[in-house]
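Engineer: Below: one structure in structure tokens.
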Amino acid sequence: EMLFEGVVAYDIMGHTFFIEDGIETGNRYIRNLGLVTRGSSSLLNTDQLPATFWITNPNNTFIGNAAAGSRAYGFWYDLDAHPVGPSFTRSVCPNKTPFGEFRDNVAHTNAEFGLRIWETYTPKEFGCWGNDVAANFYNLVAYSNGIHGVELSVVGHVRLVGFKVADNRDNGIEILEAHGSWGGPMIKDALIISHSMANQGRPQTGGIKTPNKRRLTVSNVTFARFDDPSLSCLRACSHCKVRQGGFQYWFEKIKYLGNSSLHRTAFKWEHEVLFKDLDGTLAGVPGGWVTPSNGLLPPDICQQRPEYSLNAAVPGSVCTEDVQLLRLAWNKAQPLATFAGRDVFVSNEHGSTLIPWRHYRLTHMDGYMLTLPSGRVHNLTYDLPLALHVDNTAFSAGLYNVPKNESVIIATFYDTAPGHFRVGSTRQDIGRQLTFSDSHTSWHFDNRSLELQYILSARGQTNELSDLLYSFSKEPCPVSGCPPLVIDDPDGYENTWRRWSVASDWPDNRVPLPGSNVTIQSRWKMYLDLPEVDVEKLEIQGKLKFEDTRNVVLNATWILIAGDLARLEVGVEASPFAHRATINLKGNRRTPDLVVSRSMILGSKVIGVFGQLHLFGTPHNVMWTHLSQSAMAGDTRLRLVSNVDWQAGQEIVIASSSYIPAEAEIRVIVLVSGKEVTLQEPLQYDHVVDDFLTGTETGTGNGASRWWHSDGGLHVAPQVGILSHNVKVVGTEDIYDSIAVHEFGCRVLVGYYRRGRSEYTGRAFVDSVQFHHCGQGGFFSTRDPRYVVAFKNGANGAAGSYIRRSSVHTGFNTAFGTLASNEVELSDNVVYRSVDSMFRLSSINCVVERNLGVLTRSIQVARPADNHAVDFPATYEISGSGHVIKDNVAAGFERVGFYYPGESCVAEGAPDSTTAKFWGNSAHCGMMGLVVMGLRESCTAVGGFVASRQWEYGIFSSIASSLVVRQVAVAVGHTGLCLNAFGPDPVKHLVGYKWVKVEDSLIVGSTEKEPCFSSKPQHCPSICAAASSPKLGIMMASFAKKRSKMDGTGPWHKVERALNTLYNKKSLLSAESRQ
């Protein structure tokens, strides 16, 4: 309660007049003058950008003061949540304290703002709580300031009354966010001049820049001397990033002097803002709108006008009061991996607009926002390629500022019918076509057209304007729940075998007709003894065995193996199937889903295993080997390291040796002679064998250890693997969908089902089997993993399952995955092409050995460029503990070769080749060879790894523990090793002893045979480092407070969220996958 009156302060360092702790109230500053306030780096942090009047509690009085020539601000309300320093108390809240008085002050010639409120001021009735109350600032004159005359950050019922603003550089008044009720935040009775008669310099380019969100009323404001097309009275969306905004603001009693009426607004994009003209003074249309033009506006009601089209690329329109314009936003579209980064087409009876996915949104991060007219049906279509075309199963949304009795209908088409939808709290179909008089969140699904419509309505709301927030989900089961599987569990099988071909062996004395549904009953043992059988749904509760006397083909849409005695056999381990056996799974994206439970969605084109699956083909003596010498484009002969028993007519895959993973090639064998293979067609690309240092080869394995030399050198050669087997599971072509375009193949789900006290856990025993055109693109969620083979929720009941010596030929999703299914073996397999990670473990105690993975595609490659829509699949994605991961190769991948947590090390020791569970693995031709995930221990170790031709990093880490890297070889790439640690937080005065140690390792920069590129590979045009980036052996370790943004050489490195995504999404894939 002190008085400062008539004081002149000149050439002050740091704040001139200031209230420091934030607890001081009742002080009066009357007719003081502050001239030239300089910054200081020796006082408070805030003194570096000082204010002539620095105010930390709003309950003080400022009348008739002048602030001129400050290094930063004239008047700065810098309001904390609570007082600071010795005055700290939680009972006082400066950023909510009722306002004192601010009247008749002047701020000019300050380097940044005349008046600033930072960071938040939302005055409340009782200081820290209560209803919103007004804070009225009166009669400020603000001119010739270096950025804006006035900038308010986040405010509640703050009102700027009687302001006169002119000659500032950018905007007269700019407000970042304005919260509270309508009529609360306000600019009133103001005069805003672009350039005064005294101003001979650059004019003020903008008058008022409206907030990026919530509510503001502009009343009785006059705009003057905005007399050039480069100037605009109004601008929208303060501090917005591209594609943000969409909120509405109210205007009344607006006046334009001179040519200002010709230069009213400039918009940045077509859904940026909604200006409501309450009385017709803004645009001559009482109750109408000014908004950027877009295809959803009714052309008979909304007309483009030049004075609102100062940005010719985004013209503005004036709409009459006959339409209500609303803001719709949504995010968390499921499945996330499929929809992240995908744009949406929105259309109605008037036209259409494209709404891009964006990470930075004002209300719905990682989502969408648009403005649209009410009283219309709006159709939403996601811009998905056919290969990723899946149903949107869930999202969260909001419709904003909806007047009473207004509504919109949202429509979208689905590929398959649901069990039911849930829109908000509504779970029942209304049973008829919707009308605009239906209640909020009512919905109807047309089973013929597969169109869903739901309504968002403010009917019955008590407020004049309402924000309608809701969630949406497509549920796999009816409201009453999923129908249970009816499984009869007898004590044992019948003594005699039945035969499919014998009519008397069927209950109705008739062999099933083609296309019928067939059940193998629980006590039956039946031979499939016909050359070809065609069914729709085949339910196996007993035993069905392919008779090994001829070639057999089974065609089905759904195969369900369920029950304690349920078993499908094609050969057995001791006696593999000798003839050709083919299981053709048929269907397309519109085929109805088979659902066992909410967590077990089989879909179609599927073998669902809740019993036992035995598939045994005739094994090859070698599943994969290496080229012994280079094979160049145009060659038809391959010279291999090993003798092979492969045969003419079979298909093989040759891995890439360049930075481009897609240079892997499939060829048909014409002749095999020992270690030489002749191809039907010549090679299209070079496949180069490279000696980085010469020496004598040691070791006997097929993985990385095979290529260590006694002198520490390295020999790298492309791999060649066999794809053909006599037992095949095939995703067939469909008359509606080309499988190469739609990428909707077959799948096997080995799962868990519980009914009452009975539990059924599937187990699969697969050896020497080809999976051709399997996996279903777009279904990447762990809730519905449409992998080639997925082991899900089996826990220890799946123990002993294995896939050995098998192949995947052109997969459309993850090849093999274990999700909470333990002790599964994946060994000696060859996989060509996966979309998303190829081998995915989210379980414990699995064995993954001697596998070859060729061409791991990223979902993001076909996605529009957005550095925040990050996706980092790996050929081997390992999470969980106790796994044995040895002698595997990642040969060509668009993002990562291996994710691996690492192993525990004591002090500076680390596991070696005899004790390590991760050893002998290698990765070549990709972006990052190995990403170390780190353990929750003091020290993490990795070793026995080879990475070559990585566009970004051979080995990368950014973990919270120390790291030991032992016996690795990294050859040819932009950066060999980039190994970092982070934590503890120095701000908390914590001490950590950490190190990064690299020992017994080889790093090679380049060779004569290295492929040369002048531009980035096609699979990472938007995120990879430039081709001209320097080559580094070791990027020295950084030890930081938190995970860093990498080294900055690639565009995605600068996005902290990219690195967090790289790590966080890989720890465990979902809650249901956790042990």
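Residues are named by chain letter and number: chains run A, B, ... in the order of the structure tokens, numbers start at 1 in each chain, and ligands are numbered from 1 in the order shown.
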Based on the backbone DSSP call, show me all residues of region 716-854 of chain A assigned strand (DSSP E or B), as a PyMOL selection string.
Structural biologist: chain A and resi 716+719-722+727-731+744+746-750+752-755+758-761+763-767+769-772+774+776+789-795+802-804+807-809+816-821+825-827+830-835+839-842+847-849+852-854
Engineer: Write out as a PDB file with N, CA and C atoms, in the first residue's frame the residues lying within 7 Å of Ala72 (chain A), counting only C-alpha atoms and excluding same-chain residues fewer than 4 positions away.
Structural biologist:
```
ATOM      1  N   LEU A  49      15.265  -9.568 -20.249  1.00  0.00           N
ATOM      2  CA  LEU A  49      14.241  -8.947 -21.103  1.00  0.00           C
ATOM      3  C   LEU A  49      13.365  -8.102 -20.175  1.00  0.00           C
ATOM      4  N   PRO A  50      13.825  -6.916 -19.830  1.00  0.00           N
ATOM      5  CA  PRO A  50      13.192  -6.174 -18.741  1.00  0.00           C
ATOM      6  C   PRO A  50      11.961  -5.407 -19.186  1.00  0.00           C
ATOM      7  N   ALA A  51      11.204  -4.984 -18.202  1.00  0.00           N
ATOM      8  CA  ALA A  51      10.049  -4.113 -18.397  1.00  0.00           C
ATOM      9  C   ALA A  51      10.256  -2.824 -17.617  1.00  0.00           C
ATOM     10  N   ASN A 110       9.123   0.648 -27.278  1.00  0.00           N
ATOM     11  CA  ASN A 110       9.726  -0.491 -26.588  1.00  0.00           C
ATOM     12  C   ASN A 110      10.092  -1.564 -27.614  1.00  0.00           C
ATOM     13  N   ALA A 111      11.122  -2.329 -27.317  1.00  0.00           N
ATOM     14  CA  ALA A 111      11.667  -3.233 -28.326  1.00  0.00           C
ATOM     15  C   ALA A 111      10.702  -4.364 -28.688  1.00  0.00           C
ATOM     16  N   GLU A 112       9.825  -4.745 -27.769  1.00  0.00           N
ATOM     17  CA  GLU A 112       8.913  -5.843 -28.077  1.00  0.00           C
ATOM     18  C   GLU A 112       7.450  -5.413 -27.923  1.00  0.00           C
ATOM     19  N   PHE A 113       6.915  -5.369 -26.701  1.00  0.00           N
ATOM     20  CA  PHE A 113       5.496  -5.075 -26.517  1.00  0.00           C
ATOM     21  C   PHE A 113       5.303  -3.865 -25.604  1.00  0.00           C
TER      22      PHE A 113
END
```
Engineer: For Gly751 (chain A), work out the shell of residues within 9 Å, counting only C-alpha atoms and skipping chain neighbours fewer than 3 positions away, then give it as a PyMOL selection string.
Structural biologist: chain A and resi 600+608-611+760-763+790-794+798+821
Engineer: When distances are computed from only C-alpha atoms, which of A:Gly817, A:Leu714, A:Ser1038, A:Glu825 shows the smallest separation from Gln967 (chain A)?
Structural biologist: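 Nearest to Gln967 (chain A): A:Leu714.
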Engineer: When distances are computed from only C-alpha atoms, which of A:Asn796, A:Ser913, A:Thr371, A:Ser194 shows the smallest separation from Ile173 (chain A)?
Structural biologist: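 So, comparing all the options, the nearest one is A:Ser194.
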Engineer: Check the smallest atom-to-atom distance from each of A:Phe445, A:Phe779, A:Phe472, A:Trp951 to Gly973 (chain A) using only C-alpha atoms, then report the winner.
Structural biologist: A:Trp951
Engineer: Quick one: residues within 12 Å of His350 (chain A), only C-alpha atoms counted, chain neighbours fewer than 6 positions away excluded, as a ChimeraX atom specification?
Structural biologist: /A:294-302,372-373,376-379
Engineer: Each residue of region 550-662 of chain A lying at most 12 Å from region 884-889 of chain A should get a row with its shortest atom-to-atom pair and the distance in Å to one decimal, counting only C-alpha atoms; could you produce that, ordered by chain and increasing number, as CSV?
Structural biologist:
```
residue,atom,partner,partner_atom,distance
A:Trp624,CA,A:Val889,CA,10.5
A:Thr625,CA,A:Val889,CA,10.9
A:His626,CA,A:Val889,CA,11.3
A:Ala655,CA,A:Val889,CA,10.5
```
Engineer: Could you list, as JSON, numbers by chain, every residue within 9 Å of Gly634 (chain A), counting only C-alpha atoms and ignoring same-chain residues fewer than 6 positions away?
Structural biologist: {"A": [681, 682, 683, 684, 685, 686]}
Engineer: Quick one: everything within 6 Å of Leu79 (chain A), counting only C-alpha atoms, minus sequence neighbours fewer than 5 positions away in the same chain. Send it as a PyMOL selection string.
Structural biologist: chain A and resi 56+94-95
Engineer: Could you dump the residues just selected with all heavy atoms as a tab-separated table (two decimals), in the first residue's frame?
Structural biologist:
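As a result, selection_39.tsv now contains:
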```
chain	number	residue	atom	x	y	z
A	56	THR	N	4.10	-8.31	-10.68
A	56	THR	CA	3.94	-9.72	-10.37
A	56	THR	C	2.69	-10.03	-9.55
A	56	THR	O	2.43	-11.19	-9.23
A	56	THR	CB	5.18	-10.25	-9.62
A	56	THR	OG1	5.36	-9.48	-8.44
A	56	THR	CG2	6.41	-10.16	-10.50
A	94	PRO	N	-1.27	-15.18	-7.57
A	94	PRO	CA	-1.22	-13.97	-8.39
A	94	PRO	C	-1.90	-14.12	-9.75
A	94	PRO	O	-2.52	-13.17	-10.24
A	94	PRO	CB	0.28	-13.72	-8.54
A	94	PRO	CG	0.88	-14.31	-7.32
A	94	PRO	CD	0.07	-15.54	-7.05
A	95	ASN	N	-1.81	-15.30	-10.37
A	95	ASN	CA	-2.41	-15.45	-11.70
A	95	ASN	C	-3.93	-15.63	-11.65
A	95	ASN	O	-4.57	-15.77	-12.70
A	95	ASN	CB	-1.77	-16.60	-12.47
A	95	ASN	CG	-1.96	-17.95	-11.81
A	95	ASN	OD1	-2.62	-18.06	-10.78
A	95	ASN	ND2	-1.39	-18.98	-12.40
```
Engineer: How many Å lie between CA of Ser437 (chain A) and CA of Gln461 (chain A), rounded to one decimal?
Structural biologist: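 So the two atoms, CA of Ser437 (chain A) and CA of Gln461 (chain A), lie 13.5 Å apart.
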Engineer: In terms of the shortest atom-to-atom distance over only C-alpha atoms, which of A:Leu216, A:Ala891, A:Ala224, A:Leu43 is closest to Tyr659 (chain A)?
Structural biologist: A:Ala891
Engineer: Mind checking DSSP for region 620-777 of chain A and telling me the alpha helix (DSSP H) residues as a ChimeraX atom specification?
Structural biologist: /A:739-742
